[in-house]
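Shown next: coords_6.pdb, given as PDB, C-alpha atoms.
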ATOM      1  CA  MET C 172     120.457 104.002 118.190  1.00  0.00           C
ATOM      2  CA  ASN C 173     121.008 101.974 121.376  1.00  0.00           C
ATOM      3  CA  ASP C 174     117.966 103.574 123.022  1.00  0.00           C
ATOM      4  CA  GLN C 175     115.733 102.857 120.036  1.00  0.00           C
ATOM      5  CA  GLN C 176     113.541  99.784 120.159  1.00  0.00           C
ATOM      6  CA  SER C 177     113.451  97.618 117.010  1.00  0.00           C
ATOM      7  CA  TYR C 178     110.613  95.491 115.709  1.00  0.00           C
ATOM      8  CA  TYR C 179     111.024  91.737 115.272  1.00  0.00           C
ATOM      9  CA  GLU C 180     108.955  88.824 114.087  1.00  0.00           C
ATOM     10  CA  THR C 181     109.645  85.311 115.277  1.00  0.00           C
ATOM     11  CA  MET C 182     108.029  82.333 113.608  1.00  0.00           C
ATOM     12  CA  TYR C 183     108.409  78.975 115.246  1.00  0.00           C
ATOM     13  CA  ILE C 184     107.078  75.521 114.414  1.00  0.00           C
ATOM     14  CA  LEU C 185     105.964  73.082 117.080  1.00  0.00           C
ATOM     15  CA  ARG C 186     105.679  69.320 116.679  1.00  0.00           C
ATOM     16  CA  PRO C 187     102.330  68.270 115.200  1.00  0.00           C
ATOM     17  CA  ASP C 188     101.622  65.577 117.803  1.00  0.00           C
ATOM     18  CA  ILE C 189     101.318  68.056 120.697  1.00  0.00           C
ATOM     19  CA  ALA C 190      97.907  68.442 122.338  1.00  0.00           C
ATOM     20  CA  GLU C 191      96.110  71.768 121.888  1.00  0.00           C
ATOM     21  CA  ASP C 192      96.378  72.740 125.568  1.00  0.00           C
ATOM     22  CA  GLU C 193     100.133  72.069 125.434  1.00  0.00           C
ATOM     23  CA  VAL C 194     100.413  74.334 122.384  1.00  0.00           C
ATOM     24  CA  THR C 195      98.710  77.097 124.387  1.00  0.00           C
ATOM     25  CA  ASN C 196     101.130  76.441 127.263  1.00  0.00           C
ATOM     26  CA  HIS C 197     104.126  76.763 124.890  1.00  0.00           C
ATOM     27  CA  ILE C 198     102.803  80.032 123.453  1.00  0.00           C
ATOM     28  CA  ASP C 199     102.248  81.438 126.942  1.00  0.00           C
ATOM     29  CA  LYS C 200     105.690  80.232 128.049  1.00  0.00           C
ATOM     30  CA  TYR C 201     107.535  81.947 125.187  1.00  0.00           C
ATOM     31  CA  ASN C 202     105.455  85.118 125.538  1.00  0.00           C
ATOM     32  CA  LYS C 203     106.310  85.278 129.261  1.00  0.00           C
ATOM     33  CA  LEU C 204     109.999  84.555 128.601  1.00  0.00           C
ATOM     34  CA  LEU C 205     110.102  87.317 126.017  1.00  0.00           C
ATOM     35  CA  GLU C 206     108.651  89.840 128.444  1.00  0.00           C
ATOM     36  CA  ASP C 207     110.998  88.660 131.220  1.00  0.00           C
ATOM     37  CA  PHE C 208     113.996  89.227 128.926  1.00  0.00           C
ATOM     38  CA  GLY C 209     112.958  92.815 128.170  1.00  0.00           C
ATOM     39  CA  GLY C 210     110.861  92.482 125.015  1.00  0.00           C
ATOM     40  CA  THR C 211     107.372  93.831 124.410  1.00  0.00           C
ATOM     41  CA  ILE C 212     104.845  91.568 122.704  1.00  0.00           C
ATOM     42  CA  LEU C 213     102.914  93.276 119.927  1.00  0.00           C
ATOM     43  CA  ASP C 214     101.039  90.283 118.529  1.00  0.00           C
ATOM     44  CA  SER C 215     100.985  86.532 119.064  1.00  0.00           C
ATOM     45  CA  GLN C 216      99.070  84.221 116.738  1.00  0.00           C
ATOM     46  CA  MET C 217      98.775  80.503 116.312  1.00  0.00           C
ATOM     47  CA  ARG C 218      98.621  79.901 112.549  1.00  0.00           C
ATOM     48  CA  GLY C 219      97.549  76.291 112.898  1.00  0.00           C
ATOM     49  CA  LYS C 220      98.813  72.944 111.650  1.00  0.00           C
ATOM     50  CA  ARG C 221     100.278  73.024 108.158  1.00  0.00           C
ATOM     51  CA  ARG C 222     102.210  70.728 105.885  1.00  0.00           C
ATOM     52  CA  LEU C 223     105.963  71.377 105.868  1.00  0.00           C
ATOM     53  CA  ALA C 224     107.845  71.978 102.644  1.00  0.00           C
ATOM     54  CA  TYR C 225     110.228  69.198 103.588  1.00  0.00           C
ATOM     55  CA  GLN C 226     110.489  66.634 106.369  1.00  0.00           C
ATOM     56  CA  ILE C 227     111.968  67.952 109.630  1.00  0.00           C
ATOM     57  CA  ALA C 228     112.910  65.461 112.358  1.00  0.00           C
ATOM     58  CA  LYS C 229     110.621  62.846 110.764  1.00  0.00           C
ATOM     59  CA  HIS C 230     107.632  65.239 110.847  1.00  0.00           C
ATOM     60  CA  ARG C 231     105.689  66.132 107.710  1.00  0.00           C
ATOM     61  CA  GLU C 232     103.455  68.697 109.451  1.00  0.00           C
ATOM     62  CA  GLY C 233     103.963  71.346 112.089  1.00  0.00           C
ATOM     63  CA  ILE C 234     102.033  73.842 114.203  1.00  0.00           C
ATOM     64  CA  TYR C 235     103.047  77.366 113.176  1.00  0.00           C
ATOM     65  CA  VAL C 236     103.143  80.217 115.709  1.00  0.00           C
ATOM     66  CA  GLN C 237     103.881  83.832 114.765  1.00  0.00           C
ATOM     67  CA  LEU C 238     105.160  86.234 117.414  1.00  0.00           C
ATOM     68  CA  SER C 239     105.658  89.954 116.714  1.00  0.00           C
ATOM     69  CA  HIS C 240     107.640  91.808 119.348  1.00  0.00           C
ATOM     70  CA  GLN C 241     109.696  94.902 120.070  1.00  0.00           C
ATOM     71  CA  GLY C 242     112.924  95.271 121.998  1.00  0.00           C
ATOM     72  CA  ASP C 243     116.569  96.250 121.986  1.00  0.00           C
ATOM     73  CA  GLY C 244     117.746  92.990 120.391  1.00  0.00           C
ATOM     74  CA  GLN C 245     119.325  91.494 123.519  1.00  0.00           C
ATOM     75  CA  HIS C 246     116.240  89.359 124.183  1.00  0.00           C
ATOM     76  CA  ILE C 247     116.472  87.538 120.829  1.00  0.00           C
ATOM     77  CA  PHE C 248     119.408  85.310 121.751  1.00  0.00           C
ATOM     78  CA  LYS C 249     117.789  84.293 125.044  1.00  0.00           C
ATOM     79  CA  ILE C 250     114.407  83.405 123.560  1.00  0.00           C
ATOM     80  CA  GLU C 251     116.017  81.480 120.694  1.00  0.00           C
ATOM     81  CA  LYS C 252     118.176  79.552 123.163  1.00  0.00           C
ATOM     82  CA  ALA C 253     115.046  78.481 125.036  1.00  0.00           C
ATOM     83  CA  MET C 254     113.498  77.336 121.743  1.00  0.00           C
ATOM     84  CA  ARG C 255     116.673  75.493 120.737  1.00  0.00           C
ATOM     85  CA  LEU C 256     116.672  73.546 124.003  1.00  0.00           C
ATOM     86  CA  SER C 257     113.008  72.577 123.708  1.00  0.00           C
ATOM     87  CA  GLU C 258     112.253  69.261 122.028  1.00  0.00           C
ATOM     88  CA  ASP C 259     108.796  70.498 120.998  1.00  0.00           C
ATOM     89  CA  VAL C 260     110.113  73.312 118.767  1.00  0.00           C
ATOM     90  CA  ILE C 261     111.358  71.850 115.489  1.00  0.00           C
ATOM     91  CA  ARG C 262     112.204  75.171 113.736  1.00  0.00           C
ATOM     92  CA  TYR C 263     112.362  78.866 114.604  1.00  0.00           C
ATOM     93  CA  MET C 264     113.426  82.036 112.851  1.00  0.00           C
ATOM     94  CA  THR C 265     113.546  85.697 113.889  1.00  0.00           C
ATOM     95  CA  VAL C 266     113.482  88.524 111.362  1.00  0.00           C
ATOM     96  CA  LYS C 267     114.074  92.206 112.057  1.00  0.00           C
ATOM     97  CA  GLN C 268     111.381  94.453 110.600  1.00  0.00           C
ATOM     98  CA  GLU C 269     111.759  98.012 109.367  1.00  0.00           C
ATOM     99  CA  GLY C 270     108.752  99.376 111.251  1.00  0.00           C
ATOM    100  CA  PRO C 271     105.752  98.414 113.358  1.00  0.00           C
ATOM    101  CA  LEU C 272     103.111  95.987 112.193  1.00  0.00           C
ATOM    102  CA  PRO C 273     100.995  97.297 109.342  1.00  0.00           C
ATOM    103  CA  ALA C 274      97.450  98.239 110.301  1.00  0.00           C
ATOM    104  CA  PRO C 275      94.963  95.678 109.020  1.00  0.00           C
ATOM    105  CA  ARG C 276      93.052  96.896 105.970  1.00  0.00           C
ATOM    106  CA  SER C 277      89.268  96.902 106.188  1.00  0.00           C
ATOM    107  CA  SER C 278      88.673  95.036 102.931  1.00  0.00           C
ATOM    108  CA  THR C 279      91.009  94.989  99.976  1.00  0.00           C
ATOM    109  CA  LYS C 280      88.646  92.971  97.793  1.00  0.00           C
ATOM    110  CA  SER C 281      85.924  95.614  97.817  1.00  0.00           C
ATOM    111  CA  SER C 282      88.339  98.427  96.922  1.00  0.00           C
ATOM    112  CA  THR C 283      89.802  96.514  93.953  1.00  0.00           C
ATOM    113  CA  GLN C 284      86.328  95.636  92.714  1.00  0.00           C
ATOM    114  CA  THR C 285      85.242  99.289  92.774  1.00  0.00           C
ATOM    115  CA  ASP C 286      88.410 100.284  90.890  1.00  0.00           C
ATOM    116  CA  GLU C 287      87.634  97.763  88.156  1.00  0.00           C
ATOM    117  CA  LYS C 288      84.030  99.006  87.885  1.00  0.00           C
ATOM    118  CA  GLU C 289      85.117 102.626  87.619  1.00  0.00           C
ATOM    119  CA  ASN C 290      87.953 102.004  85.126  1.00  0.00           C
ATOM    120  CA  PRO C 291      87.338  98.811  83.153  1.00  0.00           C
ATOM    121  CA  GLU C 292      89.921  99.970  80.571  1.00  0.00           C
ATOM    122  CA  THR C 293      92.867  99.861  82.988  1.00  0.00           C
ATOM    123  CA  LYS C 294      93.492  96.182  82.363  1.00  0.00           C
ATOM    124  CA  GLY C 295      93.671  96.643  78.586  1.00  0.00           C
ATOM    125  CA  GLU C 296      95.819  99.766  78.847  1.00  0.00           C
ATOM    126  CA  SER C 297      98.516  98.048  80.861  1.00  0.00           C
ATOM    127  CA  LYS C 298      98.934  95.427  78.132  1.00  0.00           C
ATOM    128  CA  GLU C 299      98.983  98.009  75.339  1.00  0.00           C
ATOM    129  CA  LYS C 300     101.619 100.225  76.967  1.00  0.00           C
ATOM    130  CA  GLN C 301     104.230  97.476  77.120  1.00  0.00           C
ATOM    131  CA  PRO C 302     107.071  98.077  74.635  1.00  0.00           C
ATOM    132  CA  VAL C 303     107.369  95.769  71.690  1.00  0.00           C
ATOM    133  CA  VAL C 304     110.861  94.334  71.537  1.00  0.00           C
ATOM    134  CA  SER C 305     110.663  92.943  68.024  1.00  0.00           C
ATOM    135  CA  ALA C 306     109.992  96.387  66.502  1.00  0.00           C
ATOM    136  CA  ASP C 307     113.239  97.708  67.986  1.00  0.00           C
ATOM    137  CA  ASN C 308     115.223  94.802  66.566  1.00  0.00           C
ATOM    138  CA  SER C 309     113.835  95.236  63.061  1.00  0.00           C
ATOM    139  CA  THR C 310     114.728  98.931  62.947  1.00  0.00           C
ATOM    140  CA  SER C 311     118.266  98.223  64.103  1.00  0.00           C
ATOM    141  CA  LYS C 312     118.635  95.580  61.352  1.00  0.00           C
ATOM    142  CA  LYS C 313     117.443  98.113  58.763  1.00  0.00           C
ATOM    143  CA  ASP C 314     119.962 100.637  60.045  1.00  0.00           C
ATOM    144  CA  ASN C 315     122.744  98.042  59.774  1.00  0.00           C
ATOM    145  CA  THR C 316     121.845  97.148  56.180  1.00  0.00           C
ATOM    146  CA  GLU C 317     121.646 100.838  55.213  1.00  0.00           C
ATOM    147  CA  THR C 318     125.103 101.527  56.676  1.00  0.00           C
ATOM    148  CA  LYS C 319     126.537  98.512  54.821  1.00  0.00           C
ATOM    149  CA  GLU C 320     125.044  99.717  51.531  1.00  0.00           C
ATOM    150  CA  ASN C 321     126.402 103.231  52.090  1.00  0.00           C
ATOM    151  CA  ALA C 322     129.855 101.847  52.901  1.00  0.00           C
ATOM    152  CA  GLU C 323     129.928  99.726  49.714  1.00  0.00           C
ATOM    153  CA  SER C 324     129.016 102.637  47.434  1.00  0.00           C
TER
END

Here is a file; write its structure as structure tokens.
Amino acid sequence: MNDQQSYYETMYILRPDIAEDEVTNHIDKYNKLLEDFGGTILDSQMRGKRRLAYQIAKHREGIYVQLSHQGDGQHIFKIEKAMRLSEDVIRYMTVKQEGPLPAPRSSTKSSTQTDEKENPETKGESKEKQPVVSADNSTSKKDNTETKENAES
């Protein structure tokens, strides 16, 4: 398994007050560092400025960058150390993936719409097939009362 390359996804958040050209410089810097440390970049995307779930270092927003890469795992520590030392990165996280990136689907909306047109009954069937819990309880109560009556007589 040492020879096998694993897939990783690193998401990091940059400070919101950074200029757009500086954001591009940071993305290029981390992509180059990753390749220098032995990783292979599969995909790099800037997700844009978004509101944070909670305040981080007095920032309410952050610029999200997603980086998908492949490597032996030794490059992760080095790239995260570079992010930890940077004042412009306020959060980062790397997750190991089971396989390569999924291929983008052409259009999921059109396929679900055609399924609904072909089988309009599928929505109703899924509701009808759900088991009714109350019916089971009533039969068990009847069984209990019958056994009590049989025991008394």

Counting only C-alpha atoms, the option among C:Ile227, C:Ile234, C:Ile212, C:Met264 closest to Ser177 in chain C
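Nearest to Ser177 in chain C: C:Ile212.
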
Using the chain letters and residue numbers of this document, give as a PyMOL selection string the residues selected by the PyMOL selection byres ((chain C and resi 239-243) around 8).
chain C and resi 173-181+209-215+237-238+244-246+272

Residue with smallest distance to Val260 in chain C - pool C:Ile184, C:Met217, C:Leu204, C:Val236, counting all atoms listed in the file:
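Closest residue, counting all atoms listed in the file: C:Ile184.
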
Straight-line distance linking CA of His230 in chain C with CA of Val266 in chain C, stated in Å to one decimal:
24.0 Å

Could you expand the PyMOL selection byres ((chain C and resi 222) around 12) into the explicit residues it covers here, written as an MDAnalysis selection string?
chainID C and resid 184 186:187 218:221 223:227 230:235

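Atom pair CA of Lys203 in chain C / CA of Asp188 in chain C has a distance of 23.3 Å (rounded to one decimal).
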
When the PyMOL selection byres ((chain C and resi 250-257) around 8) is applied to the file above, which residues end up in the set, as a compact mmCIF listing (two decimals) with C-alpha atoms, in the frame of the given file?
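Wrote out_14.txt, looks like this:
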# COMPACT_ATOMS: atom_id res chain seq x y z
CA TYR C 201 107.54 81.95 125.19
CA LEU C 204 110.00 84.56 128.60
CA LEU C 205 110.10 87.32 126.02
CA PHE C 208 114.00 89.23 128.93
CA HIS C 246 116.24 89.36 124.18
CA ILE C 247 116.47 87.54 120.83
CA PHE C 248 119.41 85.31 121.75
CA LYS C 249 117.79 84.29 125.04
CA GLU C 258 112.25 69.26 122.03
CA ASP C 259 108.80 70.50 121.00
CA VAL C 260 110.11 73.31 118.77
CA TYR C 263 112.36 78.87 114.60

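Note that CA of Asp207 in chain C and CA of Ile189 in chain C are 25.1 Å apart.
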
Report, as AutoDock Vina command-line options, the centre and edge lengths in Å (one decimal) of the axis-aligned box enclosing every listed atom of range 212-222 of chain C, padded by 5 Å on each side.
--center_x 101.2 --center_y 82.0 --center_z 114.3 --size_x 17.3 --size_y 32.5 --size_z 26.8
